[in-house]
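For reference, start-v1.cif is printed below; it contains mmCIF, C-alpha atoms.
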```
data_input
#
loop_
_atom_site.label_atom_id
_atom_site.label_comp_id
_atom_site.auth_asym_id
_atom_site.auth_seq_id
_atom_site.Cartn_x
_atom_site.Cartn_y
_atom_site.Cartn_z
CA MET A 1 0.00 0.00 0.00
CA ILE A 2 1.29 3.43 -0.97
CA ARG A 3 1.00 5.97 1.84
CA VAL A 4 0.38 9.56 0.88
CA ASN A 5 1.69 12.26 3.17
CA ILE A 6 -1.18 14.74 3.53
CA MET A 7 1.27 17.38 4.74
CA ASP A 8 3.26 17.05 1.50
CA ILE A 9 0.08 17.52 -0.58
CA THR A 10 -0.90 20.61 1.41
CA GLU A 11 2.57 22.12 1.04
CA LEU A 12 2.50 21.43 -2.71
CA GLN A 13 -0.89 23.09 -3.06
CA THR A 14 0.26 26.10 -1.04
CA HIS A 15 3.42 26.39 -3.15
CA GLU A 16 1.39 26.30 -6.38
CA ARG A 17 -1.12 28.86 -5.12
CA PHE A 18 1.52 31.25 -3.75
CA LYS A 19 3.33 31.00 -7.06
CA PHE A 20 0.16 31.95 -8.94
CA ILE A 21 -0.40 34.94 -6.65
CA GLU A 22 3.12 36.14 -7.44
CA PHE A 23 2.44 35.40 -11.12
CA LEU A 24 -0.57 37.75 -11.06
CA LEU A 25 1.39 40.51 -9.33
CA LEU A 26 4.27 40.09 -11.79
CA PHE A 27 2.39 40.01 -15.10
CA LYS A 28 -0.82 41.89 -14.25
CA GLY A 29 0.41 44.11 -11.43
CA GLN A 30 -2.69 43.34 -9.43
CA LEU A 31 -4.27 40.54 -7.42
CA THR A 32 -7.97 39.67 -7.40
CA ARG A 33 -9.73 37.07 -5.32
CA SER A 34 -11.92 36.07 -8.26
CA GLU A 35 -8.94 34.85 -10.29
CA LEU A 36 -7.85 32.55 -7.46
CA VAL A 37 -11.41 31.19 -7.23
CA GLU A 38 -11.44 30.54 -10.98
CA ARG A 39 -7.92 29.10 -11.17
CA PHE A 40 -8.12 26.66 -8.25
CA GLY A 41 -11.86 26.00 -7.98
CA ILE A 42 -11.99 27.27 -4.39
CA GLY A 43 -14.52 29.41 -2.55
CA GLU A 44 -14.19 33.13 -1.94
CA ALA A 45 -13.56 32.63 1.78
CA THR A 46 -10.75 30.18 1.02
CA ALA A 47 -9.30 32.61 -1.52
CA SER A 48 -9.35 35.38 1.09
CA ARG A 49 -7.53 33.19 3.60
CA LEU A 50 -5.01 32.23 0.91
CA ILE A 51 -4.26 35.89 0.15
CA LYS A 52 -3.88 36.67 3.86
CA SER A 53 -1.53 33.71 4.30
CA TYR A 54 0.56 34.90 1.34
CA ILE A 55 0.72 38.45 2.69
CA ASP A 56 1.75 37.24 6.14
CA LYS A 57 4.65 35.37 4.56
CA ASN A 58 5.47 38.02 1.94
CA PRO A 59 4.58 41.44 3.44
CA ASN A 60 6.61 43.49 0.97
CA GLN A 61 5.17 42.14 -2.27
CA GLU A 62 1.91 44.07 -2.50
CA ASN A 63 0.01 47.16 -1.45
CA TYR A 64 -3.68 47.23 -0.54
CA LEU A 65 -5.63 50.02 -2.27
CA GLY A 66 -9.06 49.29 -0.86
CA PRO A 67 -11.97 46.95 -1.67
CA ARG A 68 -12.44 48.25 -5.23
CA LEU A 69 -8.84 48.05 -6.45
CA GLY A 70 -7.62 45.29 -4.13
CA TYR A 71 -3.91 44.46 -4.03
CA VAL A 72 -1.32 45.81 -6.44
CA LYS A 73 2.36 45.11 -6.94
CA ALA A 74 4.56 47.00 -4.48
CA ASP A 75 7.75 48.83 -5.43
CA THR A 76 9.58 46.40 -3.12
CA PHE A 77 8.26 43.39 -5.08
CA GLN A 78 10.82 40.60 -5.55
CA ILE A 79 10.43 37.47 -7.70
CA GLU A 80 10.65 34.38 -5.49
CA TYR A 81 9.40 31.73 -7.94
CA LYS A 82 10.37 30.81 -11.48
CA HIS A 83 7.92 32.08 -14.10
CA ASP A 84 7.69 31.64 -17.87
CA ALA A 85 7.24 34.82 -19.92
CA LEU A 86 5.16 32.92 -22.48
CA ASP A 87 2.77 31.81 -19.73
CA GLY A 88 2.39 35.44 -18.75
CA LEU A 89 1.61 36.48 -22.32
CA ARG A 90 -0.91 33.66 -22.83
CA TYR A 91 -2.67 34.44 -19.57
CA VAL A 92 -2.94 38.19 -20.13
CA ALA A 93 -3.94 37.69 -23.78
CA SER A 94 -6.51 34.91 -23.38
CA GLY A 95 -6.65 33.65 -19.80
CA LYS A 96 -4.78 30.45 -20.69
CA LEU A 97 -2.01 28.66 -18.83
CA LEU A 98 0.09 25.87 -20.28
CA SER A 99 1.18 23.00 -18.04
CA GLN A 100 3.96 20.62 -18.98
CA PHE A 101 4.51 17.21 -17.46
CA LYS A 102 7.54 14.91 -17.49
CA VAL A 103 6.00 12.04 -19.45
CA VAL A 104 6.89 10.17 -22.63
CA THR A 105 6.00 12.40 -25.59
CA TYR A 106 5.60 11.77 -29.31
CA GLY A 107 5.67 15.24 -30.81
CA LEU A 108 8.38 17.35 -32.37
CA THR A 109 8.97 21.00 -31.49
CA ILE A 110 9.60 23.05 -34.63
CA HIS A 111 12.29 25.66 -34.14
CA SER A 112 11.20 29.20 -33.28
CA PHE A 113 13.32 32.31 -32.73
CA ASN A 114 10.96 33.54 -30.00
CA GLN A 115 10.92 30.75 -27.45
CA SER A 116 13.12 32.57 -24.92
CA LEU A 117 11.47 35.82 -23.96
CA SER A 118 12.63 37.57 -20.82
CA THR A 119 10.19 37.81 -17.92
CA GLU A 120 11.89 41.03 -16.82
CA LEU A 121 11.16 42.61 -20.22
CA VAL A 122 7.70 41.17 -20.86
CA ALA A 123 6.14 41.81 -17.44
CA PRO A 124 6.43 45.65 -17.43
CA VAL A 125 4.49 45.75 -20.70
CA THR A 126 1.75 43.32 -19.63
CA ARG A 127 1.37 45.18 -16.32
CA ALA A 128 1.01 48.44 -18.24
CA ILE A 129 -1.67 46.92 -20.47
CA VAL A 130 -3.70 45.74 -17.48
CA GLY A 131 -3.10 48.86 -15.39
CA LEU A 132 -3.48 51.39 -18.24
CA ARG A 133 0.02 52.78 -17.80
CA TYR A 134 2.86 54.17 -19.89
CA VAL A 135 6.11 52.26 -20.46
CA SER A 136 9.61 53.60 -21.02
CA LEU A 137 11.11 51.36 -23.66
CA ASP A 138 14.47 50.74 -25.31
CA TYR A 139 13.55 49.09 -28.59
CA ILE A 140 15.49 47.83 -31.60
CA SER A 141 13.91 48.35 -35.01
CA SER A 142 15.19 46.65 -38.16
CA SER A 143 14.88 49.96 -40.01
CA SER A 144 16.08 52.57 -37.50
CA GLY A 145 18.11 50.64 -34.93
CA ILE A 146 17.84 51.14 -31.17
CA SER A 147 15.86 54.02 -29.71
CA SER A 148 14.32 55.07 -26.41
CA ARG A 149 10.64 55.90 -26.42
CA VAL A 150 7.58 56.18 -24.21
CA ILE A 151 4.57 54.12 -25.24
CA ALA A 152 1.05 53.34 -24.02
CA PRO A 153 0.44 49.63 -24.73
CA HIS A 154 -3.14 48.36 -24.81
CA SER A 155 -3.28 44.87 -26.38
CA LEU A 156 -1.16 41.89 -27.40
CA PHE A 157 -1.43 39.09 -29.93
CA MET A 158 0.56 36.21 -31.39
CA ALA A 159 1.10 35.61 -35.11
CA SER A 160 3.21 32.88 -36.71
CA GLY A 161 4.70 31.97 -33.32
CA THR A 162 5.77 35.54 -32.52
CA TRP A 163 4.29 37.73 -29.77
CA TYR A 164 3.46 41.37 -30.54
CA PHE A 165 1.83 44.24 -28.68
CA ARG A 166 -0.09 47.24 -29.89
CA ALA A 167 0.72 50.64 -28.38
CA TYR A 168 0.52 54.38 -28.84
CA ASP A 169 4.04 55.62 -29.57
CA MET A 170 4.71 59.09 -28.15
CA GLN A 171 7.71 59.51 -30.45
CA SER A 172 5.77 59.15 -33.71
CA SER A 173 2.37 60.17 -32.29
CA THR A 174 0.80 57.09 -33.86
CA PHE A 175 -0.38 53.64 -32.84
CA ARG A 176 2.15 51.00 -33.79
CA THR A 177 2.79 47.28 -33.48
CA PHE A 178 5.89 46.18 -31.55
CA LYS A 179 7.66 42.83 -31.13
CA PHE A 180 8.33 41.61 -27.60
CA SER A 181 11.55 39.98 -28.81
CA ARG A 182 13.03 43.37 -29.76
CA ILE A 183 12.74 44.99 -26.34
CA LYS A 184 16.07 45.81 -24.71
CA ASN A 185 14.73 47.50 -21.58
CA ALA A 186 11.27 48.26 -20.21
CA VAL A 187 10.05 50.19 -17.16
CA THR A 188 6.41 50.73 -16.20
CA LEU A 189 5.53 54.38 -15.63
CA GLY A 190 2.47 56.32 -14.45
CA GLU A 191 -1.17 55.98 -15.48
CA ILE A 192 -2.29 57.07 -18.95
CA ASP A 193 -3.58 60.62 -18.62
CA ASN A 194 -4.73 61.36 -22.17
CA VAL A 195 -7.59 59.57 -23.90
CA ILE A 196 -5.79 60.04 -27.24
CA HIS A 197 -3.23 57.50 -26.06
CA SER A 198 -5.82 54.85 -25.10
CA ASP A 199 -6.99 51.89 -27.15
CA ILE A 200 -10.35 53.46 -27.98
CA LYS A 201 -8.50 55.86 -30.30
CA ASP A 202 -6.68 53.06 -32.14
CA ASP A 203 -8.96 52.95 -35.18
CA SER A 204 -6.92 50.30 -37.01
CA TRP A 205 -7.15 47.94 -34.04
CA HIS A 206 -10.94 48.18 -33.82
CA GLN A 207 -11.75 48.45 -37.53
CA MET A 208 -12.68 45.01 -38.87
CA ARG A 209 -12.22 44.31 -42.57
CA ALA A 210 -13.93 41.63 -44.62
CA VAL A 211 -11.49 39.14 -46.16
CA LYS A 212 -12.41 36.69 -48.91
CA LEU A 213 -10.23 33.61 -49.38
CA LYS A 214 -10.35 30.70 -51.79
CA PRO A 215 -8.01 27.92 -53.00
CA HIS A 216 -5.14 28.91 -55.27
CA PRO A 217 -6.20 28.46 -58.95
CA LYS A 218 -3.05 26.45 -59.70
CA LEU A 219 -3.98 23.70 -57.23
CA GLU A 220 -4.86 20.42 -58.87
CA HIS A 221 -7.21 19.33 -56.09
CA ALA A 222 -8.79 22.47 -54.70
CA GLU A 223 -11.36 20.38 -52.81
CA ALA A 224 -8.64 19.53 -50.26
CA ILE A 225 -8.32 23.20 -49.32
CA GLU A 226 -12.09 23.70 -49.42
CA LEU A 227 -12.37 20.91 -46.86
CA GLU A 228 -9.94 22.77 -44.59
CA LEU A 229 -11.83 26.02 -45.07
CA GLN A 230 -15.11 24.22 -44.38
CA THR A 231 -16.73 26.20 -47.16
CA SER A 232 -16.90 26.36 -50.93
CA PRO A 233 -15.81 28.12 -52.95
CA VAL A 234 -15.05 31.30 -50.92
CA LYS A 235 -14.32 31.69 -47.20
CA ASP A 236 -15.42 35.00 -45.63
CA ILE A 237 -13.69 36.15 -42.43
CA TYR A 238 -13.32 39.45 -40.56
CA ILE A 239 -9.95 40.61 -39.26
CA SER A 240 -8.68 43.73 -37.52
CA GLU A 241 -6.86 46.13 -39.85
CA ALA A 242 -3.90 46.22 -37.47
CA THR A 243 -3.40 42.45 -37.66
CA LEU A 244 -4.55 41.78 -41.22
CA GLY A 245 -1.10 41.43 -42.78
CA PHE A 246 0.03 39.17 -39.93
CA ALA A 247 -3.03 36.96 -40.41
CA MET A 248 -2.43 36.61 -44.16
CA SER A 249 1.12 35.48 -43.47
CA GLU A 250 0.03 32.98 -40.83
CA LEU A 251 -2.73 31.58 -43.04
CA ARG A 252 -0.28 31.35 -45.99
CA VAL A 253 -2.34 33.45 -48.38
CA ASP A 254 -0.96 34.56 -51.74
CA CYS A 255 -1.74 38.29 -51.73
CA SER A 256 0.02 39.17 -54.98
CA LYS A 257 -2.04 40.78 -57.75
CA LYS A 258 -1.94 37.91 -60.19
CA HIS A 259 -1.30 35.02 -57.79
CA LYS A 260 2.42 34.86 -58.56
CA LEU A 261 3.50 32.99 -55.42
CA SER A 262 3.93 29.22 -55.26
CA HIS A 263 0.62 27.43 -54.77
CA VAL A 264 2.50 24.76 -52.84
CA GLU A 265 3.70 27.26 -50.23
CA TYR A 266 0.61 29.48 -50.39
CA PRO A 267 -2.48 27.34 -51.10
CA LEU A 268 -4.93 30.25 -50.61
CA ILE A 269 -5.43 33.48 -52.53
CA LEU A 270 -6.91 36.79 -51.44
CA VAL A 271 -9.99 37.40 -53.59
CA ASN A 272 -10.77 41.00 -52.59
CA ARG A 273 -7.21 42.31 -52.62
CA ASP A 274 -8.19 45.65 -54.22
CA GLU A 275 -10.47 46.46 -51.29
CA LEU A 276 -7.59 46.13 -48.82
CA GLU A 277 -4.83 48.08 -50.53
CA ASN A 278 -5.15 50.99 -48.10
CA VAL A 279 -4.58 48.82 -45.00
CA ASP A 280 -1.11 49.58 -43.57
CA SER A 281 -0.42 46.12 -42.15
CA MET A 282 -0.91 44.52 -45.58
CA VAL A 283 2.72 45.37 -46.42
CA LEU A 284 3.49 42.25 -44.34
CA ALA A 285 1.15 40.03 -46.35
CA PRO A 286 2.85 37.49 -48.66
CA GLY A 287 3.32 38.90 -52.15
CA PHE A 288 1.37 42.09 -51.47
CA LEU A 289 4.20 44.34 -52.65
CA ILE A 290 4.87 42.34 -55.82
CA THR A 291 3.90 44.41 -58.86
#
```
I'd like the structure from this file rewritten - as structure tokens, please.
Amino acid sequence: MIRVNIMDITELQTHERFKFIEFLLLFKGQLTRSELVERFGIGEATASRLIKSYIDKNPNQENYLGPRLGYVKADTFQIEYKHDALDGLRYVASGKLLSQFKVVTYGLTIHSFNQSLSTELVAPVTRAIVGLRYVSLDYISSSSGISSRVIAPHSLFMASGTWYFRAYDMQSSTFRTFKFSRIKNAVTLGEIDNVIHSDIKDDSWHQMRAVKLKPHPKLEHAEAIELELQTSPVKDIYISEATLGFAMSELRVDCSKKHKLSHVEYPLILVNRDELENVDSMVLAPGFLIT
């Protein structure tokens, strides 16, 4: 008979729950009882006791701002547990966490350049998104090199395995899309004090555009692609202007004028290309700049 040490189970649960509390303070900058209830399937009273127990053990990690705002990350906050930056991005973006277990596996991980993102560089941006704050950023651009700028980030997304965030850039006075992997330094600043810098003014982010896709005309068996699209002959979808070019790349859509790209590599074509020529992000779409 295998004997289970109840004390060990309790300590393991406490460790996991304390780690998640720190995770919330690190990536969101705030701690809410409701997220503990949702994450661990516990009652509100249990969640309250858990928070109190954490605070008793870690008194310098958080500040209490009252019943409406709850607990927020303190300036004296120190990371005690190991956290994955990708977990932080997934959670802030979509409320998802990814668990990995040491078991026999049968899959192959395809190489990606963006698997090792720094928690210290990602967290200030995600906290700013949640807390509606500015960020001081040192950023490397492929066109202009490294520069220091102040931004107001409001959203994040992943495309083709790469994480991006959308932000108002004080330097250019425009909303832009940034790569997390190009951040050299990031510091969270004060609260956003101008509505012009908030997400509600990012027209490209909120403007949805109709996109019509169909199998590449050079395909011998177009029905295979129609099966994947679950429609025939044209698939209609709606995508944000700000992410449209990224989506076309991820979906492998030939966006050239006369379908000049390889049908093997790009099995879909963009039917209503002319309607989307004024969308800035389409410069990233496969073949869009081919004349």
Let me know the residues the PyMOL selection byres ((chain A and resi 282) around 10) catches in the file above, as a short mmCIF file (atom, residue, chain, number, x, y, z; two decimals) with C-alpha atoms, in the frame of the given file.
```
data_model
loop_
_atom_site.label_atom_id
_atom_site.label_comp_id
_atom_site.auth_asym_id
_atom_site.auth_seq_id
_atom_site.Cartn_x
_atom_site.Cartn_y
_atom_site.Cartn_z
CA GLU A 241 -6.86 46.13 -39.85
CA ALA A 242 -3.90 46.22 -37.47
CA THR A 243 -3.40 42.45 -37.66
CA LEU A 244 -4.55 41.78 -41.22
CA GLY A 245 -1.10 41.43 -42.78
CA PHE A 246 0.03 39.17 -39.93
CA ALA A 247 -3.03 36.96 -40.41
CA MET A 248 -2.43 36.61 -44.16
CA SER A 249 1.12 35.48 -43.47
CA CYS A 255 -1.74 38.29 -51.73
CA ARG A 273 -7.21 42.31 -52.62
CA LEU A 276 -7.59 46.13 -48.82
CA GLU A 277 -4.83 48.08 -50.53
CA ASN A 278 -5.15 50.99 -48.10
CA VAL A 279 -4.58 48.82 -45.00
CA ASP A 280 -1.11 49.58 -43.57
CA SER A 281 -0.42 46.12 -42.15
CA VAL A 283 2.72 45.37 -46.42
CA LEU A 284 3.49 42.25 -44.34
CA ALA A 285 1.15 40.03 -46.35
CA PRO A 286 2.85 37.49 -48.66
CA GLY A 287 3.32 38.90 -52.15
CA PHE A 288 1.37 42.09 -51.47
CA LEU A 289 4.20 44.34 -52.65
#
```
Check: Which residue gives the smallest distance to A:Glu191 among A:Tyr106, A:Leu65, A:Lys218, A:Val135, with all atoms listed in the file counted?
Finding: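 When distances to A:Glu191 are compared using all atoms listed in the file, the smallest one comes from A:Val135.
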Notebook entry, point to check: What's the 8 Å shell around stretch 175-180 of chain A, counting all atoms listed in the file, without same-chain residues fewer than 4 positions away, as a PyMOL selection string?
Noted result: chain A and resi 117+121-122+162-169+202+242
- [ ] Anything within 6 Å of (-1.5, 39.4, -6.8): list those residues as a PyMOL selection string, counting all atoms listed in the file and sticking to the file's coordinates.
- [x] chain A and resi 21-22+24-25+30-31
*Evaluate the PyMOL selection byres ((chain A and resi 66-74) around 7) and record the selected residues as a ChimeraX atom specification, following the chain and residue labels used in the document.*
/A:25,29-32,60-65,75-77
task: Run the PyMOL selection byres ((chain A and resi 137-151) around 8) mentally over the shown coordinates, then write out the matched residues as JSON, numbers by chain, using the chain letters and numbers from the document.
output: {"A": [134, 135, 136, 152, 153, 167, 168, 169, 170, 171, 182, 183, 184, 185, 186, 187]}
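Among the candidates A:His221, A:Glu275, A:Leu132, A:Tyr238, the residue lying nearest to A:Leu189 is A:Leu132 (atoms considered: all atoms listed in the file).
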Judged by only C-alpha atoms, the minimum distance to A:Ala85 among A:Ile200, A:Val103, A:Ser116, A:Asp193 is found for A:Ser116
Fill in: Of the listed residues A:His206, A:Lys28, A:Lys258, A:Lys19, that which approaches A:Pro124 most closely, counting all atoms listed in the file
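Counting all atoms listed in the file, the residue closest to A:Pro124 is A:Lys28.
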Residues within 9 Å of A:Phe18, please, as an mmCIF file with C-alpha atoms, in the coordinates of the input. Count all atoms listed in the file; anything in the same chain fewer than 4 positions from it doesn't count.
```
data_model
loop_
_atom_site.group_PDB
_atom_site.id
_atom_site.type_symbol
_atom_site.label_atom_id
_atom_site.label_comp_id
_atom_site.auth_asym_id
_atom_site.auth_seq_id
_atom_site.Cartn_x
_atom_site.Cartn_y
_atom_site.Cartn_z
ATOM 1 C CA GLN A 13 -0.890 23.090 -3.060
ATOM 2 C CA THR A 14 0.260 26.100 -1.040
ATOM 3 C CA GLU A 22 3.120 36.140 -7.440
ATOM 4 C CA PHE A 23 2.440 35.400 -11.120
ATOM 5 C CA LEU A 50 -5.010 32.230 0.910
ATOM 6 C CA ILE A 51 -4.260 35.890 0.150
ATOM 7 C CA SER A 53 -1.530 33.710 4.300
ATOM 8 C CA TYR A 54 0.560 34.900 1.340
ATOM 9 C CA TYR A 81 9.400 31.730 -7.940
#
```
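Nearest residue to A:His197, choosing from A:Val234, A:Arg133, A:Asp274, A:Gly41 and counting only C-alpha atoms: A:Arg133.
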- Select, from A:Glu265, A:Glu120, A:Glu226, A:Glu38, the residue with the minimum atom-to-atom distance to A:Thr188, counting all atoms listed in the file.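 Using all atoms listed in the file, A:Thr188 sits closest to A:Glu120.
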note - atom CA of A:Lys214 and atom CA of A:Ile269 are separated by 5.7 Å
Neighbour list for A:Pro215 as a PDB file with C-alpha atoms, in the coordinates of the input, cut-off 12 Å, all atoms listed in the file, skip fewer than 4 positions in-chain:
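Output contents, as saved in part-v1.pdb:
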```
ATOM      1  CA  LEU A 219      -3.980  23.700 -57.230  1.00  0.00           C
ATOM      2  CA  GLU A 220      -4.860  20.420 -58.870  1.00  0.00           C
ATOM      3  CA  HIS A 221      -7.210  19.330 -56.090  1.00  0.00           C
ATOM      4  CA  ALA A 222      -8.790  22.470 -54.700  1.00  0.00           C
ATOM      5  CA  GLU A 223     -11.360  20.380 -52.810  1.00  0.00           C
ATOM      6  CA  ALA A 224      -8.640  19.530 -50.260  1.00  0.00           C
ATOM      7  CA  ILE A 225      -8.320  23.200 -49.320  1.00  0.00           C
ATOM      8  CA  GLU A 226     -12.090  23.700 -49.420  1.00  0.00           C
ATOM      9  CA  LEU A 227     -12.370  20.910 -46.860  1.00  0.00           C
ATOM     10  CA  GLU A 228      -9.940  22.770 -44.590  1.00  0.00           C
ATOM     11  CA  LEU A 229     -11.830  26.020 -45.070  1.00  0.00           C
ATOM     12  CA  GLN A 230     -15.110  24.220 -44.380  1.00  0.00           C
ATOM     13  CA  THR A 231     -16.730  26.200 -47.160  1.00  0.00           C
ATOM     14  CA  SER A 232     -16.900  26.360 -50.930  1.00  0.00           C
ATOM     15  CA  PRO A 233     -15.810  28.120 -52.950  1.00  0.00           C
ATOM     16  CA  VAL A 234     -15.050  31.300 -50.920  1.00  0.00           C
ATOM     17  CA  LYS A 235     -14.320  31.690 -47.200  1.00  0.00           C
ATOM     18  CA  LEU A 251      -2.730  31.580 -43.040  1.00  0.00           C
ATOM     19  CA  ARG A 252      -0.280  31.350 -45.990  1.00  0.00           C
ATOM     20  CA  VAL A 253      -2.340  33.450 -48.380  1.00  0.00           C
ATOM     21  CA  ASP A 254      -0.960  34.560 -51.740  1.00  0.00           C
ATOM     22  CA  HIS A 259      -1.300  35.020 -57.790  1.00  0.00           C
ATOM     23  CA  HIS A 263       0.620  27.430 -54.770  1.00  0.00           C
ATOM     24  CA  VAL A 264       2.500  24.760 -52.840  1.00  0.00           C
ATOM     25  CA  TYR A 266       0.610  29.480 -50.390  1.00  0.00           C
ATOM     26  CA  PRO A 267      -2.480  27.340 -51.100  1.00  0.00           C
ATOM     27  CA  LEU A 268      -4.930  30.250 -50.610  1.00  0.00           C
ATOM     28  CA  ILE A 269      -5.430  33.480 -52.530  1.00  0.00           C
ATOM     29  CA  LEU A 270      -6.910  36.790 -51.440  1.00  0.00           C
ATOM     30  CA  VAL A 271      -9.990  37.400 -53.590  1.00  0.00           C
TER      31      VAL A 271
END
```
One decimal place gives the atom CA of A:Gly107-atom CA of A:Phe40 separation as 28.8 Å
Box for stretch 215-226 of chain A - axis-aligned, 3 Å on each of the six sides, all listed atoms - centre and size in Å to one decimal, as AutoDock Vina command-line options.
```
--center_x -7.6 --center_y 24.1 --center_z -54.5 --size_x 15.0 --size_y 15.6 --size_z 16.4
```
- Item | Test item: residues at most 12 Å from A:Lys96, only C-alpha atoms, excluding those fewer than 6 positions along its chain, as an MDAnalysis selection string | chainID A and resid 38:39 86:90
For the residues selected in the previous step, produce a file with C-alpha atoms as a PDB file, keeping the file's coordinate frame.
```
ATOM      1  CA  GLU A  38     -11.440  30.540 -10.980  1.00  0.00           C
ATOM      2  CA  ARG A  39      -7.920  29.100 -11.170  1.00  0.00           C
ATOM      3  CA  LEU A  86       5.160  32.920 -22.480  1.00  0.00           C
ATOM      4  CA  ASP A  87       2.770  31.810 -19.730  1.00  0.00           C
ATOM      5  CA  GLY A  88       2.390  35.440 -18.750  1.00  0.00           C
ATOM      6  CA  LEU A  89       1.610  36.480 -22.320  1.00  0.00           C
ATOM      7  CA  ARG A  90      -0.910  33.660 -22.830  1.00  0.00           C
TER       8      ARG A  90
END
```
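We find atom CA of A:Phe20 and atom CA of A:Lys82 to be spaced 10.6 Å apart.
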